[in-house]
Structure formats: C-alpha cells, structure tokens
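See below for query20.pdb, which holds PDB, C-alpha atoms.
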```
ATOM      1  CA  MET A1249      45.623 134.657  48.097
ATOM      2  CA  SER A1250      48.046 136.862  46.141
ATOM      3  CA  LEU A1251      48.022 136.941  42.358
ATOM      4  CA  ARG A1252      51.491 135.390  42.166
ATOM      5  CA  LYS A1253      50.505 132.517  44.442
ATOM      6  CA  GLN A1254      47.420 131.879  42.314
ATOM      7  CA  LEU A1255      49.478 131.916  39.116
ATOM      8  CA  ASN A1256      51.989 129.510  40.619
ATOM      9  CA  ASP A1257      49.133 127.074  41.154
ATOM     10  CA  ILE A1258      47.341 127.680  37.850
ATOM     11  CA  LEU A1259      50.041 128.043  35.214
ATOM     12  CA  PRO A1260      51.662 124.555  35.275
ATOM     13  CA  ALA A1261      48.466 122.999  33.905
ATOM     14  CA  LEU A1262      48.075 125.676  31.200
ATOM     15  CA  LEU A1263      51.598 125.859  29.797
ATOM     16  CA  PRO A1264      52.891 123.525  27.045
ATOM     17  CA  ASN A1265      56.084 121.577  27.792
ATOM     18  CA  ASN A1266      57.535 122.105  24.317
ATOM     19  CA  PRO A1267      58.920 125.620  23.640
ATOM     20  CA  ALA A1268      58.020 125.139  19.972
ATOM     21  CA  GLU A1269      54.365 125.102  21.052
ATOM     22  CA  ALA A1270      54.687 128.191  23.268
ATOM     23  CA  ILE A1271      51.406 129.922  24.093
ATOM     24  CA  LYS A1272      51.099 133.651  23.452
ATOM     25  CA  GLY A1273      50.467 136.020  26.331
ATOM     26  CA  THR A1274      46.988 137.021  25.163
ATOM     27  CA  GLU A1275      45.792 133.405  25.089
ATOM     28  CA  LEU A1276      47.468 132.608  28.398
ATOM     29  CA  ILE A1277      45.677 135.557  30.019
ATOM     30  CA  ARG A1278      42.350 134.314  28.674
ATOM     31  CA  LEU A1279      42.917 130.802  30.052
ATOM     32  CA  ALA A1280      44.260 131.997  33.390
ATOM     33  CA  ARG A1281      41.239 134.257  34.028
ATOM     34  CA  ARG A1282      38.975 131.198  34.205
ATOM     35  CA  ASN A1283      40.662 130.109  37.438
ATOM     36  CA  LEU A1284      41.656 133.411  39.041
ATOM     37  CA  ALA A1285      39.921 134.817  42.091
ATOM     38  CA  GLY A1286      39.846 138.573  41.624
ATOM     39  CA  ASN A1287      39.628 141.068  38.790
ATOM     40  CA  TYR A1288      43.160 141.714  37.467
ATOM     41  CA  SER A1289      44.052 143.847  34.453
ATOM     42  CA  ASP A1290      45.814 142.445  31.393
ATOM     43  CA  ALA A1291      48.781 144.690  32.190
ATOM     44  CA  SER A1292      49.073 143.223  35.690
ATOM     45  CA  LEU A1293      48.959 139.664  34.380
ATOM     46  CA  ARG A1294      51.540 140.383  31.677
ATOM     47  CA  TYR A1295      53.803 141.982  34.278
ATOM     48  CA  HIS A1296      53.580 138.906  36.495
ATOM     49  CA  PHE A1297      54.241 136.572  33.555
ATOM     50  CA  SER A1298      57.375 138.557  32.713
ATOM     51  CA  ILE A1299      58.680 138.695  36.293
ATOM     52  CA  MET A1300      57.930 135.049  37.017
ATOM     53  CA  SER A1301      59.623 133.884  33.795
ATOM     54  CA  CYS A1302      62.934 135.177  35.244
ATOM     55  CA  ASP A1303      62.527 133.135  38.427
ATOM     56  CA  PRO A1304      64.189 129.678  38.247
ATOM     57  CA  ALA A1305      61.654 128.344  40.758
ATOM     58  CA  SER A1306      58.685 129.383  38.634
ATOM     59  CA  ALA A1307      56.993 127.058  36.154
ATOM     60  CA  ILE A1308      56.626 129.728  33.471
ATOM     61  CA  ALA A1309      59.419 130.472  30.995
ATOM     62  CA  LYS A1310      59.529 132.817  28.010
ATOM     63  CA  VAL A1311      60.972 131.567  24.740
ATOM     64  CA  GLU A1312      64.365 132.945  23.722
ATOM     65  CA  LYS A1313      63.422 133.338  20.057
ATOM     66  CA  GLY A1314      59.923 134.405  19.123
ATOM     67  CA  GLN A1315      56.967 135.055  21.383
ATOM     68  CA  GLY A1316      55.126 133.062  23.957
ATOM     69  CA  TYR A1317      55.494 131.086  27.167
ATOM     70  CA  TYR A1318      56.060 127.434  27.983
ATOM     71  CA  ARG A1319      56.498 125.255  31.071
ATOM     72  CA  ARG A1320      60.010 125.261  32.465
ATOM     73  CA  SER A1321      61.282 121.743  33.034
ATOM     74  CA  GLU A1322      62.538 120.825  36.443
ATOM     75  CA  PRO A1323      66.325 120.460  36.282
ATOM     76  CA  LEU A1324      67.684 116.919  36.415
ATOM     77  CA  PRO A1325      70.352 116.939  39.118
ATOM     78  CA  ALA A1326      72.073 113.997  37.481
ATOM     79  CA  LEU A1327      72.715 115.906  34.277
ATOM     80  CA  SER A1328      72.803 119.553  35.278
ATOM     81  CA  SER A1329      75.282 119.303  38.140
ATOM     82  CA  ALA A1330      78.754 120.748  37.792
ATOM     83  CA  GLN A1331      80.236 117.240  37.905
ATOM     84  CA  GLU A1332      78.541 115.889  34.801
ATOM     85  CA  LEU A1333      81.674 115.314  32.729
ATOM     86  CA  LEU A1334      83.629 113.598  35.476
ATOM     87  CA  ALA A1335      84.043 109.863  35.592
ATOM     88  CA  TRP A1336      83.216 109.899  39.294
ATOM     89  CA  THR A1337      79.890 111.597  38.563
ATOM     90  CA  GLN A1338      78.595 108.079  38.075
ATOM     91  CA  GLY A1339      78.602 107.525  41.812
ATOM     92  CA  ARG A1340      76.636 110.713  42.412
ATOM     93  CA  LEU A1341      74.130 109.804  39.739
ATOM     94  CA  GLU A1342      73.601 106.411  41.353
ATOM     95  CA  ASP A1343      72.984 108.101  44.683
ATOM     96  CA  LEU A1344      70.365 110.316  43.089
ATOM     97  CA  SER A1345      68.547 107.844  40.898
ATOM     98  CA  GLY A1346      69.391 104.337  42.093
ATOM     99  CA  ASP A1347      68.999 103.255  38.463
ATOM    100  CA  GLU A1348      72.209 102.039  36.824
ATOM    101  CA  THR A1349      70.632 102.069  33.363
ATOM    102  CA  THR A1350      69.771 105.750  33.723
ATOM    103  CA  VAL A1351      73.299 106.453  34.882
ATOM    104  CA  ASP A1352      74.837 104.604  31.947
ATOM    105  CA  ASN A1353      72.583 106.411  29.469
ATOM    106  CA  ALA A1354      73.506 109.767  30.975
ATOM    107  CA  MET A1355      77.220 109.055  30.775
ATOM    108  CA  LEU A1356      76.867 107.826  27.196
ATOM    109  CA  ARG A1357      75.193 111.112  26.231
ATOM    110  CA  ILE A1358      78.082 112.986  27.786
ATOM    111  CA  ARG A1359      80.664 110.995  25.827
ATOM    112  CA  LYS A1360      78.690 111.373  22.596
ATOM    113  CA  PHE A1361      78.497 115.127  23.068
ATOM    114  CA  ARG A1362      82.228 115.405  23.665
ATOM    115  CA  ALA A1363      82.837 113.366  20.487
ATOM    116  CA  VAL A1364      80.450 115.573  18.487
ATOM    117  CA  VAL A1365      82.148 118.769  19.713
ATOM    118  CA  THR A1366      85.572 117.356  18.919
ATOM    119  CA  ARG A1367      84.599 116.308  15.402
ATOM    120  CA  TYR A1368      82.715 119.546  14.708
ATOM    121  CA  TYR A1369      85.737 121.694  15.463
ATOM    122  CA  GLU A1370      88.095 119.368  13.617
ATOM    123  CA  ILE A1371      86.183 119.794  10.369
ATOM    124  CA  ASN A1372      85.823 123.545  10.940
ATOM    125  CA  GLY A1373      89.502 124.401  11.041
ATOM    126  CA  ARG A1374      90.192 124.093  14.766
ATOM    127  CA  PHE A1375      92.433 121.626  16.577
ATOM    128  CA  PRO A1376      90.924 120.200  19.795
ATOM    129  CA  PHE A1377      92.971 118.773  22.650
ATOM    130  CA  ALA A1378      91.134 116.843  25.399
ATOM    131  CA  PHE A1379      91.970 116.839  29.090
ATOM    132  CA  ARG A1380      90.968 113.579  30.777
ATOM    133  CA  ASP A1381      93.379 112.743  33.603
ATOM    134  CA  PRO A1382      92.366 115.702  35.836
ATOM    135  CA  PHE A1383      88.831 114.283  35.965
ATOM    136  CA  ALA A1384      89.695 110.765  37.098
ATOM    137  CA  ALA A1385      87.892 109.150  40.009
ATOM    138  CA  THR A1386      90.642 110.051  42.471
ATOM    139  CA  SER A1387      91.081 113.645  41.308
ATOM    140  CA  PRO A1388      90.327 116.572  43.655
ATOM    141  CA  ILE A1389      87.108 118.485  43.071
ATOM    142  CA  GLY A1390      89.164 121.663  42.664
ATOM    143  CA  ASN A1391      90.200 120.434  39.217
ATOM    144  CA  LEU A1392      86.760 121.511  38.005
ATOM    145  CA  TRP A1393      87.939 125.091  38.407
ATOM    146  CA  LYS A1394      91.425 124.482  37.021
ATOM    147  CA  TYR A1395      91.258 122.336  33.885
ATOM    148  CA  PRO A1396      88.979 122.536  30.820
ATOM    149  CA  GLU A1397      87.507 119.502  29.094
ATOM    150  CA  LEU A1398      88.921 120.737  25.772
ATOM    151  CA  VAL A1399      91.472 123.216  24.522
ATOM    152  CA  LEU A1400      90.693 124.596  21.052
ATOM    153  CA  VAL A1401      93.770 125.584  19.059
ATOM    154  CA  ASP A1402      93.456 128.072  16.215
ATOM    155  CA  TRP A1403      96.569 128.396  14.056
ATOM    156  CA  GLU A1404      96.718 131.869  12.580
ATOM    157  CA  THR A1405      98.396 130.920   9.308
ATOM    158  CA  GLY A1406      95.415 129.284   7.557
ATOM    159  CA  GLY A1407      94.909 125.677   6.559
ATOM    160  CA  SER A1408      92.712 122.709   7.399
ATOM    161  CA  PRO A1409      92.988 120.092  10.147
ATOM    162  CA  ASP A1410      92.033 117.336   7.706
ATOM    163  CA  GLU A1411      95.319 117.667   5.890
ATOM    164  CA  GLU A1412      98.850 118.730   6.697
ATOM    165  CA  MET A1413      99.011 122.487   7.105
ATOM    166  CA  SER A1414     102.274 124.236   6.361
ATOM    167  CA  LEU A1415     103.139 127.083   8.675
ATOM    168  CA  ASP A1416     104.549 130.184   7.045
ATOM    169  CA  ASP A1417     108.198 130.724   8.070
ATOM    170  CA  SER A1418     108.027 134.506   7.817
ATOM    171  CA  MET A1419     104.833 134.627   9.882
ATOM    172  CA  LEU A1420     106.406 132.429  12.557
ATOM    173  CA  ALA A1421     109.538 134.573  12.642
ATOM    174  CA  LEU A1422     107.529 137.789  12.912
ATOM    175  CA  LYS A1423     105.400 136.505  15.762
ATOM    176  CA  GLN A1424     108.471 135.257  17.605
ATOM    177  CA  ARG A1425     110.052 138.721  17.388
ATOM    178  CA  LEU A1426     106.844 140.281  18.686
ATOM    179  CA  GLY A1427     106.595 137.762  21.502
ATOM    180  CA  LEU A1428     103.320 136.378  20.125
ATOM    181  CA  ALA A1429     102.278 132.762  19.702
ATOM    182  CA  PRO A1430     101.344 131.691  16.151
ATOM    183  CA  PHE A1431      98.133 130.205  17.558
ATOM    184  CA  ARG A1432      95.262 131.042  19.856
ATOM    185  CA  LEU A1433      94.309 128.764  22.726
ATOM    186  CA  HIS A1434      90.732 128.832  23.959
ATOM    187  CA  SER A1435      89.668 126.604  26.831
ATOM    188  CA  ALA A1436      86.233 124.991  26.611
ATOM    189  CA  ARG A1437      83.891 123.825  29.344
ATOM    190  CA  LEU A1438      81.212 121.368  28.122
ATOM    191  CA  ARG A1439      77.767 120.981  29.645
ATOM    192  CA  LEU A1440      74.708 118.994  28.582
ATOM    193  CA  LEU A1441      71.723 120.928  29.881
ATOM    194  CA  PRO A1442      71.554 124.721  30.129
ATOM    195  CA  SER A1443      69.607 125.641  33.243
ATOM    196  CA  LEU A1444      68.605 128.884  34.894
ATOM    197  CA  THR A1445      69.491 127.327  38.255
ATOM    198  CA  THR A1446      73.046 126.255  37.328
ATOM    199  CA  TYR A1447      74.266 128.546  34.548
ATOM    200  CA  ARG A1448      76.272 130.808  36.862
ATOM    201  CA  GLU A1449      78.282 127.871  38.143
ATOM    202  CA  ASP A1450      78.795 126.651  34.572
ATOM    203  CA  PHE A1451      79.874 130.109  33.451
ATOM    204  CA  PHE A1452      82.309 130.864  36.244
ATOM    205  CA  GLN A1453      83.922 127.454  35.922
ATOM    206  CA  ALA A1454      84.407 128.212  32.219
ATOM    207  CA  LEU A1455      85.939 131.549  33.204
ATOM    208  CA  SER A1456      88.167 130.015  35.864
ATOM    209  CA  VAL A1457      89.654 127.337  33.599
ATOM    210  CA  SER A1458      90.351 129.949  30.904
ATOM    211  CA  MET A1459      92.483 132.357  32.929
ATOM    212  CA  TRP A1460      95.753 131.022  31.490
ATOM    213  CA  ALA A1461      94.412 130.873  27.913
ATOM    214  CA  GLN A1462      93.494 133.609  25.442
ATOM    215  CA  GLY A1463      89.794 133.009  25.847
ATOM    216  CA  GLY A1464      87.167 130.715  27.283
ATOM    217  CA  GLU A1465      84.056 129.106  25.863
ATOM    218  CA  LEU A1466      81.035 127.495  27.502
ATOM    219  CA  ILE A1467      79.520 124.907  25.165
ATOM    220  CA  TYR A1468      76.074 123.464  25.814
ATOM    221  CA  ALA A1469      74.626 120.403  24.137
ATOM    222  CA  GLY A1470      70.990 121.375  24.635
ATOM    223  CA  PRO A1471      69.257 124.412  23.138
ATOM    224  CA  VAL A1472      69.032 127.618  25.176
ATOM    225  CA  GLU A1473      65.304 128.259  24.857
ATOM    226  CA  ASP A1474      64.637 130.253  28.023
ATOM    227  CA  GLU A1475      64.838 134.006  27.411
ATOM    228  CA  ALA A1476      65.864 134.719  31.030
ATOM    229  CA  LEU A1477      68.660 132.162  30.788
ATOM    230  CA  ALA A1478      69.952 133.599  27.508
ATOM    231  CA  ASP A1479      69.874 137.146  28.900
ATOM    232  CA  GLY A1480      71.737 136.035  32.015
ATOM    233  CA  LEU A1481      74.446 134.358  29.956
ATOM    234  CA  ARG A1482      74.827 137.403  27.696
ATOM    235  CA  LYS A1483      75.195 139.752  30.658
ATOM    236  CA  LEU A1484      77.927 137.607  32.195
ATOM    237  CA  SER A1485      79.670 137.273  28.842
ATOM    238  CA  SER A1486      79.667 141.009  28.196
ATOM    239  CA  THR A1487      81.442 141.515  31.533
ATOM    240  CA  TYR A1488      83.875 138.596  31.569
ATOM    241  CA  GLY A1489      84.341 137.734  27.904
ATOM    242  CA  VAL A1490      83.554 134.008  27.959
ATOM    243  CA  GLY A1491      81.788 132.902  24.783
ATOM    244  CA  VAL A1492      78.626 130.792  24.982
ATOM    245  CA  VAL A1493      77.338 128.466  22.274
ATOM    246  CA  SER A1494      74.621 125.814  22.048
ATOM    247  CA  PHE A1495      74.769 122.817  19.726
ATOM    248  CA  GLY A1496      70.982 122.373  19.833
ATOM    249  CA  LEU A1497      71.192 118.672  20.739
ATOM    250  CA  THR A1498      68.289 117.408  22.825
ATOM    251  CA  ALA A1499      68.559 114.216  24.863
ATOM    252  CA  GLU A1500      66.534 112.394  22.210
ATOM    253  CA  VAL A1501      68.893 113.438  19.406
ATOM    254  CA  LEU A1502      71.936 112.425  21.461
ATOM    255  CA  ASP A1503      70.378 109.033  22.088
ATOM    256  CA  ASP A1504      69.926 108.532  18.341
ATOM    257  CA  LEU A1505      73.563 109.322  17.521
ATOM    258  CA  PRO A1506      76.145 106.557  16.973
ATOM    259  CA  ARG A1507      78.533 105.627  19.754
ATOM    260  CA  PRO A1508      81.400 108.048  20.498
ATOM    261  CA  ALA A1509      84.083 106.034  18.684
ATOM    262  CA  GLN A1510      81.902 105.878  15.582
ATOM    263  CA  ILE A1511      81.361 109.640  15.676
ATOM    264  CA  LEU A1512      85.100 110.314  15.880
ATOM    265  CA  ASN A1513      85.951 107.857  13.090
ATOM    266  CA  ALA A1514      82.950 108.308  10.803
ATOM    267  CA  HIS A1515      83.328 108.455   7.041
ATOM    268  CA  PRO A1516      82.676 111.825   5.350
ATOM    269  CA  LYS A1517      79.052 111.024   4.477
ATOM    270  CA  GLU A1518      78.376 109.718   7.978
ATOM    271  CA  THR A1519      80.013 112.795   9.465
ATOM    272  CA  GLU A1520      77.874 115.020   7.265
ATOM    273  CA  ALA A1521      74.734 113.244   8.488
ATOM    274  CA  ILE A1522      75.771 113.713  12.120
ATOM    275  CA  MET A1523      76.625 117.385  11.622
ATOM    276  CA  SER A1524      73.248 117.988   9.965
ATOM    277  CA  LYS A1525      71.590 117.300  13.317
ATOM    278  CA  LEU A1526      73.317 120.267  14.941
ATOM    279  CA  GLU A1527      71.595 123.612  15.395
ATOM    280  CA  ILE A1528      74.472 125.870  16.351
ATOM    281  CA  HIS A1529      73.379 128.988  18.231
ATOM    282  CA  ARG A1530      75.982 131.512  19.347
ATOM    283  CA  ILE A1531      74.486 133.115  22.462
ATOM    284  CA  ALA A1532      77.530 135.304  23.152
ATOM    285  CA  PRO A1533      80.859 135.732  21.311
ATOM    286  CA  VAL A1534      84.174 134.989  22.974
ATOM    287  CA  GLN A1535      86.442 137.961  23.718
ATOM    288  CA  SER A1536      89.911 136.723  22.878
ATOM    289  CA  ARG A1537      92.984 138.152  24.609
ATOM    290  CA  PRO A1538      96.234 138.749  22.658
ATOM    291  CA  HIS A1539      98.529 136.982  25.136
ATOM    292  CA  LEU A1540      98.699 133.729  27.055
ATOM    293  CA  ASP A1541      99.484 133.718  30.756
ATOM    294  CA  TRP A1542     102.758 131.847  30.368
ATOM    295  CA  ALA A1543     103.405 131.715  34.118
ATOM    296  CA  ALA A1544     100.042 130.089  34.814
ATOM    297  CA  LEU A1545     100.479 127.722  31.859
ATOM    298  CA  GLY A1546     103.941 126.781  33.068
ATOM    299  CA  SER A1547     102.598 126.041  36.535
ATOM    300  CA  MET A1548      99.816 123.892  35.112
ATOM    301  CA  ARG A1549     102.365 122.077  32.955
ATOM    302  CA  THR A1550     104.392 121.016  36.006
ATOM    303  CA  GLU A1551     101.256 119.633  37.668
ATOM    304  CA  SER A1552      99.630 117.932  34.678
ATOM    305  CA  GLU A1553     101.194 115.489  32.257
ATOM    306  CA  GLU A1554      98.451 116.294  29.766
ATOM    307  CA  ALA A1555      99.248 120.019  29.897
ATOM    308  CA  ASP A1556     102.847 119.046  29.131
ATOM    309  CA  LYS A1557     101.607 116.956  26.198
ATOM    310  CA  LEU A1558      99.668 119.967  24.926
ATOM    311  CA  MET A1559     102.789 122.129  24.921
ATOM    312  CA  ARG A1560     104.969 119.436  23.347
ATOM    313  CA  TRP A1561     102.378 118.948  20.589
ATOM    314  CA  LEU A1562     102.300 122.669  19.812
ATOM    315  CA  THR A1563     106.100 122.862  19.892
ATOM    316  CA  ASN A1564     106.434 119.901  17.533
ATOM    317  CA  CYS A1565     104.011 121.527  15.082
ATOM    318  CA  ILE A1566     106.059 124.723  15.072
ATOM    319  CA  GLU A1567     109.365 122.891  14.670
ATOM    320  CA  ALA A1568     107.964 120.779  11.830
ATOM    321  CA  ARG A1569     106.346 123.861  10.248
ATOM    322  CA  ARG A1570     103.079 121.880  10.079
ATOM    323  CA  ALA A1571      99.913 122.096  12.131
ATOM    324  CA  GLU A1572      98.598 118.589  12.674
ATOM    325  CA  PRO A1573      95.808 117.084  14.804
ATOM    326  CA  PHE A1574      96.937 115.821  18.193
ATOM    327  CA  LYS A1575      97.800 112.133  18.369
ATOM    328  CA  ASP A1576      98.499 110.641  21.762
ATOM    329  CA  GLU A1577     101.887 109.025  22.071
TER
END
```
As structure tokens, the full file:
Amino acid sequence: MSLRKQLNDILPALLPNNPAEAIKGTELIRLARRNLAGNYSDASLRYHFSIMSCDPASAIAKVEKGQGYYRRSEPLPALSSAQELLAWTQGRLEDLSGDETTVDNAMLRIRKFRAVVTRYYEINGRFPFAFRDPFAATSPIGNLWKYPELVLVDWETGGSPDEEMSLDDSMLALKQRLGLAPFRLHSARLRLLPSLTTYREDFFQALSVSMWAQGGELIYAGPVEDEALADGLRKLSSTYGVGVVSFGLTAEVLDDLPRPAQILNAHPKETEAIMSKLEIHRIAPVQSRPHLDWAALGSMRTESEEADKLMRWLTNCIEARRAEPFKDE
C-alpha cells in the first residue's frame, strides 16, 4: 500500500477537528509512525502532509495562521452551495437533508449574516444597497452570475452614514467635468462557509456580478482557516482584483446572534456587542477601477427595478447634496 493511501486511512483519527488545537508536524509524524507499514523519512512524511493539505478530498488541512495541521471538515452541501442566499435554496436544502428544522436554521443564519454585514458597513462609513428581487423563487439561475447580494457605496467627499452628509459642491462639479462619479460602487457576493471545494465558484460569481461596478468583493461569514484555501483565494484575487474578507463568524456564533431585524435596528450598545463578535480578516484587498461600465449598468437598470432604485437613490443624493442611507419607497 502506498504511503499516501496509508496516510489517508491513518490521519483522520489523529487530527484535531478544531484548527485552534492544530497538531505540529513533528508530533503528527511521531503519531503516524505507530501505524505505518514501511520505513519513511521525516522529509517524506512532511512532503506528503504538505501536498495532501492542498487536496480538497484529503482529511488533512494546514492552518492559515500559525503552524500545524487539523482535520478538514466535510463540506455541508446545504450551506456551501452557490445557491445559499437564494430563497429557493430552501427546496434544495430539503432535498438534501429532509429536515425542515435544519433548513430553517440554515436560512436564519444566512439572513443574520446579511444583516450583520449591512450594519457593519453602515457604521463604518459605507452605504449598502441590497438586491433581493433577482433571487426570488421564480428567478432564473443565471441571476447568480448577474446580480450581487449587496452594492457598497463609498462617497468620496467624507462623512458618516449615521448622519446627513453634505456633499461638496466644488468636488461634485469637478468630478462631473472629469466624467467621474462622486462615489465608488463595489458589488458584494456573500457566502457562509469558505470551502476548498467551492471557493472558485464563489470567486468567479463575485467577479461576474462586479463587471459593471468599480470593484467586487467576496465576503465570507466563517473564518478562512485552511492555508491552501487562503492561498487559492489570494492567487485568484491578484489576477482578477476581487477582494476577499472573512467576518470570522462560526455557525455557533451566528446562532447566538439576535434575529436579523434586531441586528439592523439595535441600539448603539447592542450594536457594539454584536460587532465585538466579529473577527475581520482581509484575505485579499479589492482592486478598484476608476470608472463604472455605464452601458452594462444601464442594461441592468432596464431589466431590474431594484437596479433602477439604486440609480435613483444615488441621483437623489447628488441632487440634494446629501449622502443618505437607502430607504425603500
């Protein structure tokens, strides 16, 4: 039996499930030797650990920060699929699990995460706009590659979203003469669980829905603890410019959070308590482009009432010389 086949059989029982309890290579070699048939060098074992940790099908994973190995969890199809933020995902989850309670809990986590992301950016000087209609039960699956869950608006004249923000007339006039918008629009794709088996799909959907905007961001709820996963995301980001960030929210933390409406309407002290649970980790920075693709945005506007609402909101802010949070009519 080959060394790799032996390690595939041996390692699951030796590796800790929690990345925080990762076992160092030297100790893992010592434990593995007890069950190995054959005399293999330390260098050979370390090489196999390293190679196998980059394989999504392998049980061994290397921690992103620090040293050591842990047991890679099997992906949950219900939560790691590309459909996880769609209302009609519920049907797929039922098909997979047959447990309505599990489905409801999964969907509640999704809604909580979206509320947390929205509130986080609101209090950090960004103006989020949510797309919902393109993900209705009757919507085509192609909308996954066309519309983001959120658009993040950054006004370039300073201010805070928690109070009325006056836009500088001279700055607006200058940007108009230069053909530049007084804001930056970044599209955001939200996902719960980062996974080595699904991150490419997550990433390229984030890229696809950002082609009309000035940048795209892939935002994960869960921590990115797998070194191979983090490296893969960084390589894609360096080529295509999509930013990647993790909010560090495990399923257990999401379950402990208040309901979505309470998160969005929490008092300052409650909001502070919720935000304290976040462990923001920027895996890769977004590469922002100077111009919007106005033709693509115009086309999307004719097909989506919400895209039209986005543009009318931005126009109203400019005309009123104030940047204000979006309020649905």
task = Work out how far CA of Leu1433 in chain A is from CA of Ile1566 in chain A, in Å to one decimal.
result = 14.6 Å
Taking only residues of range 1472-1524 of chain A that have an atom at most 12 Å from an atom of range 1367-1388 of chain A, what is each one's shortest atom pair and its distance in Å to one decimal, using all atoms listed in the file, in chain and number order, as CSV?
```
residue,atom,partner,partner_atom,distance
A:Phe1495,CA,A:Tyr1368,CA,10.0
A:Pro1508,CA,A:Arg1367,CA,10.2
A:Ala1509,CA,A:Arg1367,CA,10.8
A:Gln1510,CA,A:Arg1367,CA,10.8
A:Ile1511,CA,A:Arg1367,CA,7.4
A:Leu1512,CA,A:Arg1367,CA,6.0
A:Asn1513,CA,A:Arg1367,CA,8.9
A:Ala1514,CA,A:Arg1367,CA,9.4
A:His1515,CA,A:Arg1367,CA,11.5
A:Pro1516,CA,A:Ile1371,CA,10.0
A:Glu1518,CA,A:Arg1367,CA,11.7
A:Thr1519,CA,A:Arg1367,CA,8.3
A:Glu1520,CA,A:Tyr1368,CA,10.0
A:Ala1521,CA,A:Tyr1368,CA,11.9
A:Ile1522,CA,A:Tyr1368,CA,9.4
A:Met1523,CA,A:Tyr1368,CA,7.2
A:Ser1524,CA,A:Tyr1368,CA,10.7
```
Local residues around (71.8, 132.6, 25.8), at most 8 Å away, using only C-alpha atoms, as a PDB file with C-alpha atoms, in the coordinates of the input:
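Result saved to selection-v6.pdb:
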```pdb
ATOM      1  CA  GLU A1312      64.365 132.945  23.722  1.00  0.00           C
ATOM      2  CA  VAL A1472      69.032 127.618  25.176  1.00  0.00           C
ATOM      3  CA  GLU A1473      65.304 128.259  24.857  1.00  0.00           C
ATOM      4  CA  ASP A1474      64.637 130.253  28.023  1.00  0.00           C
ATOM      5  CA  GLU A1475      64.838 134.006  27.411  1.00  0.00           C
ATOM      6  CA  LEU A1477      68.660 132.162  30.788  1.00  0.00           C
ATOM      7  CA  ALA A1478      69.952 133.599  27.508  1.00  0.00           C
ATOM      8  CA  ASP A1479      69.874 137.146  28.900  1.00  0.00           C
ATOM      9  CA  GLY A1480      71.737 136.035  32.015  1.00  0.00           C
ATOM     10  CA  LEU A1481      74.446 134.358  29.956  1.00  0.00           C
ATOM     11  CA  ARG A1482      74.827 137.403  27.696  1.00  0.00           C
ATOM     12  CA  VAL A1492      78.626 130.792  24.982  1.00  0.00           C
ATOM     13  CA  VAL A1493      77.338 128.466  22.274  1.00  0.00           C
ATOM     14  CA  ARG A1530      75.982 131.512  19.347  1.00  0.00           C
ATOM     15  CA  ILE A1531      74.486 133.115  22.462  1.00  0.00           C
ATOM     16  CA  ALA A1532      77.530 135.304  23.152  1.00  0.00           C
TER      17      ALA A1532
END
```
task = Report the distance between CA of Glu1404 in chain A and CA of Ala1429 in chain A in Å, rounded to one decimal place.
result = 9.1 Å
task = Pick out the residues sitting within 10 Å of Glu1269 in chain A, and hand them over as a VMD selection string; count only C-alpha atoms, and ignore anything fewer than 5 positions along from it in its own chain.
result = chain A and resid 1263 to 1264 1311 1316 to 1318
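We find CA of Ala1568 in chain A and CA of His1539 in chain A to be spaced 23.0 Å apart.
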Just the residues within 8 Å of Arg1437 in chain A, please, counting all atoms listed in the file, with nothing from its chain fewer than 5 positions along; format it as a short mmCIF file (atom, residue, chain, number, x, y, z; two decimals) with C-alpha atoms, keeping the file's coordinate frame.
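In the end it all went to selection-v2.cif:
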```cif
data_model
loop_
_atom_site.label_atom_id
_atom_site.label_comp_id
_atom_site.auth_asym_id
_atom_site.auth_seq_id
_atom_site.Cartn_x
_atom_site.Cartn_y
_atom_site.Cartn_z
CA PRO A 1396 88.98 122.54 30.82
CA GLU A 1397 87.51 119.50 29.09
CA LEU A 1398 88.92 120.74 25.77
CA ASP A 1450 78.80 126.65 34.57
CA GLN A 1453 83.92 127.45 35.92
CA ALA A 1454 84.41 128.21 32.22
CA VAL A 1457 89.65 127.34 33.60
CA GLY A 1464 87.17 130.72 27.28
CA GLU A 1465 84.06 129.11 25.86
CA LEU A 1466 81.04 127.50 27.50
CA ILE A 1467 79.52 124.91 25.16
#
```
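For the residues A:Tyr1295, A:Phe1361, A:Phe1574, A:Tyr1395, ranking by smallest atom-to-atom distance to Ser1552 in chain A using only C-alpha atoms places A:Tyr1395 first.
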Put a box with edges along x, y and z around all the listed atoms of range 1300-1317 of chain A, pad it by 3 Å on each side, then give me its centre and sizes in Å, one decimal, as JSON.
```
{"center_x": 59.7, "center_y": 131.1, "center_z": 29.9, "size_x": 15.2, "size_y": 14.1, "size_z": 27.6}
```
query = Within 10 Å of Lys1525 in chain A, counting only C-alpha atoms, which residues qualify if same-chain residues fewer than 6 places away don't, as a count of residues only?
reply = 6
ask   = So which residues touch Ser1289 in chain A within 12 Å, counting only C-alpha atoms, skipping near sequence neighbours fewer than 2 positions away, as a ChimeraX atom specification?
value = /A:1251,1274,1277-1278,1280-1281,1284,1286-1287,1291-1296
inquiry  = Using only C-alpha atoms for the distances, tell me which of A:Phe1452, A:Ala1309, A:Ser1250, A:Val1401 is nearest to Cys1565 in chain A.
reply    =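 Answer, going by the shortest atom-to-atom distance: A:Val1401.
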remark   = One residue among A:Pro1533, A:Pro1442, A:Pro1471, A:Pro1267 is nearest to Lys1483 in chain A when using all atoms listed in the file, and that residue is A:Pro1533
Nearest residue to Arg1537 in chain A from the set A:Ala1499, A:Leu1444, A:Val1490, A:Met1300 (distances using only C-alpha atoms) =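 For Arg1537 in chain A, the nearest of the candidates is A:Val1490.
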ask   = Nearest to Gly1491 in chain A among A:Ser1443, A:Leu1545, A:Ala1436, A:Thr1366, with distances taken over all atoms listed in the file: which residue is it?
value =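 Ranking A:Ser1443, A:Leu1545, A:Ala1436, A:Thr1366 by distance to Gly1491 in chain A, first place goes to A:Ala1436.
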task = For each of A:Ser1306, A:Ala1469, A:Glu1449, A:Trp1460, take the minimum atom-to-atom distance to Lys1360 in chain A, counting all atoms listed in the file, then give the residue where this is smallest.
result =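 The answer is A:Ala1469, which sits nearest to Lys1360 in chain A.
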